[in-house]
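Next up, entry.cif (mmCIF, C-alpha atoms and all ligand atoms):
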data_data
#
loop_
_atom_site.label_atom_id
_atom_site.label_comp_id
_atom_site.auth_asym_id
_atom_site.auth_seq_id
_atom_site.Cartn_x
_atom_site.Cartn_y
_atom_site.Cartn_z
CA MET A 267 97.60 87.47 161.46
CA CYS A 268 98.16 91.01 160.18
CA PRO A 269 97.88 91.56 156.42
CA ILE A 270 101.09 91.79 154.42
CA ARG A 271 101.37 94.22 151.51
CA ARG A 272 103.99 96.13 149.56
CA ILE A 273 105.75 99.02 151.31
CA GLN A 274 104.30 102.36 150.24
CA LYS A 275 106.04 105.74 150.19
CA GLU A 276 104.00 106.80 153.24
CA ASP A 277 105.41 103.86 155.27
CA LEU A 278 109.04 104.92 154.97
CA LYS A 279 109.13 107.13 158.07
CA THR A 280 108.00 104.24 160.25
CA VAL A 281 110.27 101.82 158.40
CA LYS A 282 113.21 104.10 159.17
CA LYS A 283 112.17 104.47 162.80
CA LEU A 284 111.91 100.71 163.32
CA SER A 285 115.17 100.06 161.53
CA ASP A 286 117.11 102.79 163.39
CA ALA A 287 115.88 101.43 166.72
CA SER A 288 117.03 97.85 166.00
CA LEU A 289 120.02 97.74 163.71
CA PRO A 290 123.68 98.82 163.83
CA GLU A 291 123.49 100.76 160.56
CA THR A 292 121.21 103.70 159.92
CA TYR A 293 119.59 103.84 156.51
CA SER A 294 118.82 107.29 155.12
CA MET A 295 115.34 108.01 153.77
CA GLY A 296 116.98 108.42 150.36
CA LEU A 297 118.49 104.94 150.45
CA LEU A 298 115.25 103.35 151.72
CA LYS A 299 113.32 105.05 148.93
CA LYS A 300 115.86 103.87 146.37
CA LEU A 301 115.66 100.26 147.58
CA VAL A 302 111.85 100.23 147.56
CA ASN A 303 111.65 101.84 144.12
CA ALA A 304 114.25 99.44 142.70
CA TRP A 305 112.29 96.30 143.59
CA PRO A 306 108.85 97.05 145.05
CA GLU A 307 107.68 93.43 145.02
CA ALA A 308 110.54 92.50 147.38
CA CYS A 309 109.64 95.19 149.93
CA LEU A 310 106.80 94.14 152.23
CA ALA A 311 105.17 95.62 155.30
CA THR A 312 102.66 94.39 157.83
CA GLU A 313 100.57 96.60 160.06
CA SER A 314 98.31 96.64 163.09
CA GLN A 315 95.53 99.20 163.45
CA ASP A 316 98.14 101.73 164.64
CA GLY A 317 100.40 101.44 161.59
CA VAL A 318 103.37 99.46 160.31
CA ILE A 319 104.76 96.96 162.84
CA GLY A 320 107.20 95.08 160.64
CA PHE A 321 108.79 95.01 157.23
CA VAL A 322 111.26 93.26 154.96
CA ILE A 323 113.31 94.88 152.21
CA GLY A 324 115.12 92.86 149.58
CA ARG A 325 117.37 93.59 146.65
CA LYS A 326 118.86 91.59 143.80
CA ASP A 327 122.40 90.43 144.43
CA GLY A 328 123.48 88.91 141.13
CA THR A 329 121.50 85.68 140.85
CA LYS A 330 120.65 85.73 144.56
CA SER A 331 117.90 87.47 146.48
CA ARG A 332 119.36 89.48 149.35
CA ILE A 333 117.39 90.38 152.45
CA VAL A 334 118.73 93.85 153.23
CA LEU A 335 116.52 94.46 156.27
CA ILE A 336 113.88 92.59 158.21
CA CYS A 337 112.51 94.17 161.32
CA VAL A 338 109.57 93.80 163.70
CA ASP A 339 108.54 96.34 166.34
CA THR A 340 109.81 95.08 169.74
CA GLU A 341 106.27 95.06 171.09
CA PHE A 342 105.18 92.57 168.41
CA ARG A 343 108.16 90.20 168.39
CA LYS A 344 107.86 86.45 169.10
CA LYS A 345 104.34 86.34 167.80
CA GLY A 346 105.13 84.97 164.34
CA VAL A 347 105.23 88.32 162.49
CA GLY A 348 108.86 87.96 161.34
CA SER A 349 108.21 84.40 160.13
CA GLU A 350 105.16 85.53 158.15
CA LEU A 351 107.17 88.30 156.50
CA LEU A 352 110.06 85.97 155.70
CA ASN A 353 107.77 83.25 154.32
CA ARG A 354 105.91 85.71 152.13
CA TYR A 355 109.19 87.16 150.88
CA LEU A 356 110.61 83.71 150.07
CA GLY A 357 107.37 82.73 148.29
CA ILE A 358 107.63 85.78 146.04
CA MET A 359 111.30 85.04 145.37
CA LYS A 360 110.49 81.44 144.49
CA ARG A 361 107.88 82.59 141.97
CA GLN A 362 110.56 84.87 140.50
CA ARG A 363 112.78 81.77 140.15
CA PHE A 364 115.46 82.78 142.63
CA LYS A 365 117.26 79.72 143.99
CA THR A 366 119.16 81.32 146.90
CA ALA A 367 118.34 83.85 149.60
CA THR A 368 121.26 85.61 151.22
CA LEU A 369 121.79 88.18 153.97
CA LEU A 370 124.31 89.77 156.32
CA VAL A 371 123.74 89.86 160.06
CA GLU A 372 125.89 91.39 162.82
CA VAL A 373 127.75 88.60 164.66
CA SER A 374 126.45 89.86 168.03
CA ASN A 375 122.80 89.79 166.92
CA GLN A 376 122.08 86.36 168.37
CA GLN A 377 118.31 86.75 168.27
CA ALA A 378 118.36 87.33 164.51
CA ILE A 379 121.03 84.64 163.89
CA ASP A 380 118.86 82.07 165.75
CA PHE A 381 115.80 83.26 163.84
CA TYR A 382 117.57 82.58 160.54
CA LEU A 383 119.23 79.30 161.66
CA HIS A 384 115.81 77.98 162.69
CA ARG A 385 114.58 78.83 159.20
CA ARG A 386 117.18 76.82 157.27
CA PHE A 387 119.72 79.60 156.73
CA LYS A 388 123.36 78.56 157.19
CA ILE A 389 126.38 80.65 158.08
CA LYS A 390 128.63 80.70 155.00
CA GLU A 391 131.31 83.16 155.99
CA ARG A 392 132.38 85.76 158.56
CA LYS A 393 132.95 89.17 156.97
CA PRO A 394 135.21 91.45 159.01
CA HIS A 395 134.45 95.12 159.77
CA ILE A 396 131.32 95.35 157.67
CA TYR A 397 129.44 97.84 159.81
CA LYS A 398 130.29 101.45 160.59
CA ASN A 399 130.71 100.51 164.27
CA GLY A 400 133.53 98.18 163.17
CA SER A 401 131.72 94.93 163.91
CA ASP A 402 131.78 91.79 161.75
CA ALA A 403 128.88 90.20 159.92
CA TYR A 404 127.92 86.64 159.11
CA LEU A 405 126.96 85.99 155.53
CA MET A 406 124.02 83.57 155.74
CA GLU A 407 122.24 81.75 152.91
CA ARG A 408 119.52 79.24 152.23
CA ALA A 409 118.00 77.56 149.23
CA ILE A 410 114.59 78.85 148.23
C1 LIG B 1 114.64 88.88 163.76
C2 LIG B 1 113.20 89.40 163.91
C3 LIG B 1 112.78 90.04 162.60
C4 LIG B 1 112.27 88.21 164.21
O1 LIG B 1 110.93 88.71 164.23
P1 LIG B 1 109.79 88.03 165.13
O2 LIG B 1 108.50 88.64 164.74
O3 LIG B 1 110.16 88.06 166.56
O4 LIG B 1 109.86 86.53 164.58
P2 LIG B 1 108.89 85.31 164.96
O5 LIG B 1 107.95 85.70 166.04
O6 LIG B 1 108.30 84.81 163.70
O7 LIG B 1 109.92 84.24 165.44
C5 LIG B 1 110.75 84.50 166.57
C6 LIG B 1 110.63 83.37 167.59
O8 LIG B 1 109.41 83.51 168.28
C7 LIG B 1 108.74 82.27 168.29
N1 LIG B 1 107.30 82.49 168.30
C8 LIG B 1 106.52 82.81 167.25
N2 LIG B 1 105.24 82.90 167.65
C9 LIG B 1 105.24 82.66 168.97
C10 LIG B 1 104.23 82.61 169.95
N3 LIG B 1 102.95 82.85 169.65
N4 LIG B 1 104.60 82.37 171.23
C11 LIG B 1 105.88 82.13 171.56
N5 LIG B 1 106.89 82.15 170.67
C12 LIG B 1 106.57 82.40 169.40
C13 LIG B 1 109.15 81.63 167.01
O9 LIG B 1 108.96 80.23 167.05
C14 LIG B 1 110.59 82.02 166.93
O10 LIG B 1 111.42 81.17 167.64
P3 LIG B 1 112.35 80.14 166.84
O11 LIG B 1 113.31 80.96 166.02
O12 LIG B 1 112.99 79.38 167.91
O13 LIG B 1 111.45 79.38 165.94
C15 LIG B 1 113.10 90.39 165.10
O14 LIG B 1 113.69 89.83 166.23
C16 LIG B 1 113.72 91.75 164.84
O15 LIG B 1 113.08 92.65 164.29
N6 LIG B 1 114.99 91.95 165.27
C17 LIG B 1 115.64 93.26 165.14
C18 LIG B 1 116.06 93.55 163.71
C19 LIG B 1 117.06 92.53 163.22
O16 LIG B 1 117.99 92.18 163.92
N7 LIG B 1 116.87 92.05 161.97
C20 LIG B 1 117.71 91.05 161.37
C21 LIG B 1 118.92 91.60 160.73
S1 LIG B 1 118.51 92.47 159.22
#
Just dump the structure as structure tokens.
Amino acid sequence: MCPIRRIQKEDLKTVKKLSDASLPETYSMGLLKKLVNAWPEACLATESQDGVIGFVIGRKDGTKSRIVLICVDTEFRKKGVGSELLNRYLGIMKRQRFKTATLLVEVSNQQAIDFYLHRRFKIKERKPHIYKNGSDAYLMERAI
């Protein structure tokens, strides 16, 4: 398994590239930088010899830990990389005494919804028109 470490400033270009290629919202470099600086221990990357292949970015959401983004390069999906990132993230959150992990996912993103459902997340609510493209999101949560 690839090593997991904190996201560094130098990773942000690849983080943005992976995220832009996979998700309905684009995140500016400025916003990514802000998220990583705000809570570095909740922002993890994993890499192969050619560079970053996956990452997770979290932020505090009141008393909950919110997964803002989790993304794995298409070439490396279904090999356990996303699970490793999620497990590491949840372990860190547990040590920080968070009791709940939360996230938003586009309702059409069945691959990600299944990924979360298989990892004990539950759909709590449908939030209308969350994304710039007008689509709805599911709010999903699980106990940590
Ligand atoms: C969601 C996402 C992060 C999952 O990453 P991933 O690396 O494919 O995740 P995993 O490989 O750990 O798990 C995916 C599936 O592959 C399976 N898998 C893992 N290793 C495997 C292997 N060696 N052989 C076959 N299947 C395998 C897992 O069991 C899992 O299936 P399950 O959910 O039925 O248990 C990835 O699909 C992604 O980046 N999507 C685009 C971005 C996105 O939508 N993010 C979520 C919203 S923020």
**Asked** Which chains and residue numbers are within 8 Å of ligand LIG 1 (chain B), counting all atoms listed in the file, if I want them as a PyMOL selection string?
**Response** chain A and resi 285+288-289+320+333-340+342-350+369-372+375+377-385
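Computed from the coordinates, the CA of Tyr355 (chain A) to CA of Arg392 (chain A) distance equals 24.5 Å.
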**Request:** Write out as number ranges by chain each polymer residue whose atoms come within 7 Å of Glu313 (chain A), counting only C-alpha atoms; drop sequence neighbours fewer than 5 positions from it.
**Result:** A: 268-269, 318-320
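The shell of residues at most 7 Å from Ile389 (chain A), with only C-alpha atoms counted and near chain neighbours (fewer than 4 positions) removed, consists of Tyr404, Leu405, Met406 and Glu407 of chain A.
Of the listed residues A:Glu291, A:Glu307, A:Asp286, A:Asp316, the one whose atoms come nearest to Ser331 (chain A) is A:Glu307, with distances taken using all atoms listed in the file.
Comparing A:Leu297, A:Ile270, A:Ala403, A:Leu356 by their smallest distance to Phe321 (chain A), the closest is A:Ile270 (using all atoms listed in the file).
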**Request:** Between CA of Ala304 (chain A) and CA of Lys275 (chain A), measure the distance and give it in Å to one decimal.
**Result:**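 Distance reported for this atom pair: 12.8 Å.
Closest approach to Gly328 (chain A) from the set A:Gln315, A:Ser294, A:Asn303, A:Thr366 is made by A:Thr366, with distances taken over only C-alpha atoms.
Taking CA of Ala367 (chain A) as the reference point, CA of Lys326 (chain A) is found at 9.7 Å.
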Near Ile410 (chain A), counting all atoms listed in the file, which residues have an atom at most 12 Å away, once you skip same-chain residues fewer than 2 positions from it, shown as a JSON list (two decimals) with C-alpha atoms, keeping the file's coordinate frame?
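Okay, this is what ended up in selection_24.json:
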[["chain", "number", "residue", "atom", "x", "y", "z"],
["A", 330, "LYS", "CA", 120.65, 85.73, 144.56],
["A", 331, "SER", "CA", 117.90, 87.47, 146.48],
["A", 332, "ARG", "CA", 119.36, 89.48, 149.35],
["A", 352, "LEU", "CA", 110.06, 85.97, 155.70],
["A", 353, "ASN", "CA", 107.77, 83.25, 154.32],
["A", 354, "ARG", "CA", 105.91, 85.71, 152.13],
["A", 355, "TYR", "CA", 109.19, 87.16, 150.88],
["A", 356, "LEU", "CA", 110.61, 83.71, 150.07],
["A", 357, "GLY", "CA", 107.37, 82.73, 148.29],
["A", 358, "ILE", "CA", 107.63, 85.78, 146.04],
["A", 359, "MET", "CA", 111.30, 85.04, 145.37],
["A", 360, "LYS", "CA", 110.49, 81.44, 144.49],
["A", 361, "ARG", "CA", 107.88, 82.59, 141.97],
["A", 362, "GLN", "CA", 110.56, 84.87, 140.50],
["A", 363, "ARG", "CA", 112.78, 81.77, 140.15],
["A", 364, "PHE", "CA", 115.46, 82.78, 142.63],
["A", 365, "LYS", "CA", 117.26, 79.72, 143.99],
["A", 366, "THR", "CA", 119.16, 81.32, 146.90],
["A", 367, "ALA", "CA", 118.34, 83.85, 149.60],
["A", 368, "THR", "CA", 121.26, 85.61, 151.22],
["A", 385, "ARG", "CA", 114.58, 78.83, 159.20],
["A", 386, "ARG", "CA", 117.18, 76.82, 157.27],
["A", 387, "PHE", "CA", 119.72, 79.60, 156.73],
["A", 407, "GLU", "CA", 122.24, 81.75, 152.91],
["A", 408, "ARG", "CA", 119.52, 79.24, 152.23]]
